[in-house]
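Working notes for the structure below.
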Amino acid sequence: MSTSLSARWSSRLYGFLMLLLALATMGLPPYALPGGATPSPTGTVAPVAHRDATQPPAPPAQSPGDEAAQRGVEEILARHYEAIGGDHHQQIQTMKITGRSIAMGMEAPYARWSKRPNKVLLEIYVEGMTGIQAFDGETAWGYMPFMGQTSPAALPPQQTQAVLEDADFDGPLVHAHEKGHRVELRGIAPVAGRDAYELEITLQTGGVQTHWVDVETFRVTRVVSAEGDATFLDYRLFDGHPVPSVIELMGAMGEQTIYVDDVEFDVAIDDAAFRMK
């Protein structure tokens, strides 16, 4: 390979790997389901029925800081909690996701393990090598041999904060106030042709994210954070739990499509697996 071709390939690979790291920092919590469809018992997708008139009306959007707006936020969070399985969902302790990520014309398989409350381990498989990014509840670290790294190392502060913010097993909307987050309702905006509540979340760490929650399903359809803009699309049922099967991500390095091929719940994984070795 010529020097110029090698340099172009290396640059392309670097950009691709930067996109792949968004798998860890954007997260793939089971709550992040798209609006527009509801899973049938067979796992196929069926149209969402209009909200029953006997159900409590969806809370109206209000000006941030207004007392009525805060009541609206509380109802949205409560409805969201029930929409993702409520107390039953809280019984899930671990999750393993496997799939593929495509960016810049390149494809790489991945596996992602997560464990309550905030442990995460991402493995990326490129050119016969395995890259790792992980958080053990205290330290965020990584190992990317295809970028010349010879041993695992702690991540820099900015990347550590990103991993910490998105390692939450349930996502920041579940028990938001108990976690020290502040949630404000910014109004209603369309996402993929459907209305969604726009919630601005100031995390306990100081980071800011915006989540759009479908006004009928009360499931998250889009998330924007410092790491990128993710839209959650088609989904399937895995052991009765709906999970998005396609995630479109726009990050600083460009576009990425993440495919979820399989999800396993309550898999055995020791805490030591998340620690830097």
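Each chain of the structure tokens is named A, B, ... in the order shown, its residues numbered from 1; ligands are numbered from 1 in display order.
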Q. Among stretch 154-270 of chain A, which ones does DSSP place in strand (DSSP E or B), written as a VMD selection string?
A. chain A and resid 154 182 to 191 194 to 202 208 to 214 220 to 225 228 to 232 235 to 238 241 to 244 246 to 251 254 to 265
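Within the 7 Å cut-off around stretch 94-99 of chain A, using only C-alpha atoms and omitting residues fewer than 5 positions from it on the same chain, the listed residues are Pro109, Tyr110, Ala111, Arg112, Trp113, Ser114, Lys115, Arg116, Tyr259, Val260, Asp261, Asp262, Val263, Glu264, Phe265, Asp266 and Val267 of chain A.
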Q: Pull the helix (DSSP H, G or I) assignments for stretch 67-186 of chain A out of DSSP run on the backbone, and list those residues as a count of residues only.
A: 35
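In this structure, atom CA of A:Ala273 sits 23.3 Å away from atom CA of A:Gln158.
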(Q) Residues near stretch 192-202 of chain A, anyone? I mean within 9 Å using only C-alpha atoms, not counting same-chain ones fewer than 5 positions away, as a PyMOL selection string. (A) chain A and resi 35-36+61+73+76+172-173+176+180-187+207-216+218+220-221+231
May I have the selected residues written with C-alpha atoms, as a PDB file, in the first residue's frame?
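What ended up in selection.pdb:
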ATOM      1  CA  GLY A  35     -43.097   6.145  18.407  1.00  0.00           C
ATOM      2  CA  GLY A  36     -45.273   5.312  15.421  1.00  0.00           C
ATOM      3  CA  ALA A  61     -46.640  21.959  27.284  1.00  0.00           C
ATOM      4  CA  VAL A  73     -43.120  17.095  33.612  1.00  0.00           C
ATOM      5  CA  ILE A  76     -44.761  12.736  31.544  1.00  0.00           C
ATOM      6  CA  PRO A 172     -31.915   9.709  32.876  1.00  0.00           C
ATOM      7  CA  LEU A 173     -35.725   9.991  32.669  1.00  0.00           C
ATOM      8  CA  ALA A 176     -34.612  11.579  37.336  1.00  0.00           C
ATOM      9  CA  GLY A 180     -30.130  14.700  40.943  1.00  0.00           C
ATOM     10  CA  HIS A 181     -31.221  15.621  37.397  1.00  0.00           C
ATOM     11  CA  ARG A 182     -33.375  18.630  36.517  1.00  0.00           C
ATOM     12  CA  VAL A 183     -36.014  18.128  33.822  1.00  0.00           C
ATOM     13  CA  GLU A 184     -37.807  20.976  32.029  1.00  0.00           C
ATOM     14  CA  LEU A 185     -40.574  20.794  29.444  1.00  0.00           C
ATOM     15  CA  ARG A 186     -39.676  22.898  26.393  1.00  0.00           C
ATOM     16  CA  GLY A 187     -42.791  22.256  24.357  1.00  0.00           C
ATOM     17  CA  GLY A 207     -24.162  17.896  31.205  1.00  0.00           C
ATOM     18  CA  VAL A 208     -27.283  18.710  29.209  1.00  0.00           C
ATOM     19  CA  GLN A 209     -29.352  16.337  27.061  1.00  0.00           C
ATOM     20  CA  THR A 210     -32.634  16.751  25.203  1.00  0.00           C
ATOM     21  CA  HIS A 211     -35.053  13.835  24.995  1.00  0.00           C
ATOM     22  CA  TRP A 212     -38.192  13.729  22.863  1.00  0.00           C
ATOM     23  CA  VAL A 213     -41.005  11.587  24.331  1.00  0.00           C
ATOM     24  CA  ASP A 214     -43.878  10.556  22.048  1.00  0.00           C
ATOM     25  CA  VAL A 215     -47.155  12.159  23.185  1.00  0.00           C
ATOM     26  CA  GLU A 216     -49.115   8.906  22.779  1.00  0.00           C
ATOM     27  CA  PHE A 218     -44.589   8.045  26.097  1.00  0.00           C
ATOM     28  CA  VAL A 220     -38.328   8.199  23.746  1.00  0.00           C
ATOM     29  CA  THR A 221     -37.967   8.781  20.001  1.00  0.00           C
ATOM     30  CA  THR A 231     -33.047   8.742  16.378  1.00  0.00           C
TER      31      THR A 231
END
(Q) Let me make sure I understand: among A:Met129, A:Val120, A:Ala268, A:Ile188, which one has the smallest atom-to-atom distance to A:Glu165 if we use only C-alpha atoms? (A)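 That would be A:Val120, the residue with the smallest distance to A:Glu165.
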Q) Which is closer to A:Tyr125 than all the others in A:Ser225, A:Ser101, A:Gln204, A:Gln93, using only C-alpha atoms? A) A:Ser101
Q. What gap, in Å, lies between atom CA of A:Ala103 and atom CA of A:Val243?
A.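 For atom CA of A:Ala103 relative to atom CA of A:Val243, the distance reads 21.3 Å.
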Q) Residues at most 12 Å from A:Asp87, counting only C-alpha atoms, excluding those fewer than 6 positions away in the same chain, as a list of chain:residue names? A)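 Everything that qualifies: A:Ala78, A:His80, A:Tyr81, A:Asp170, A:Val174, A:His175.
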Store the residues picked out above in a file with C-alpha atoms, as a PDB file, in the first residue's frame.
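Now in selection.pdb:
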ATOM      1  CA  ALA A  78     -44.624   8.874  35.392  1.00  0.00           C
ATOM      2  CA  HIS A  80     -42.912   7.161  30.571  1.00  0.00           C
ATOM      3  CA  TYR A  81     -41.949   4.936  33.506  1.00  0.00           C
ATOM      4  CA  ASP A 170     -32.431   2.990  32.600  1.00  0.00           C
ATOM      5  CA  VAL A 174     -36.247   7.109  35.113  1.00  0.00           C
ATOM      6  CA  HIS A 175     -36.076   8.346  38.724  1.00  0.00           C
TER       7      HIS A 175
END
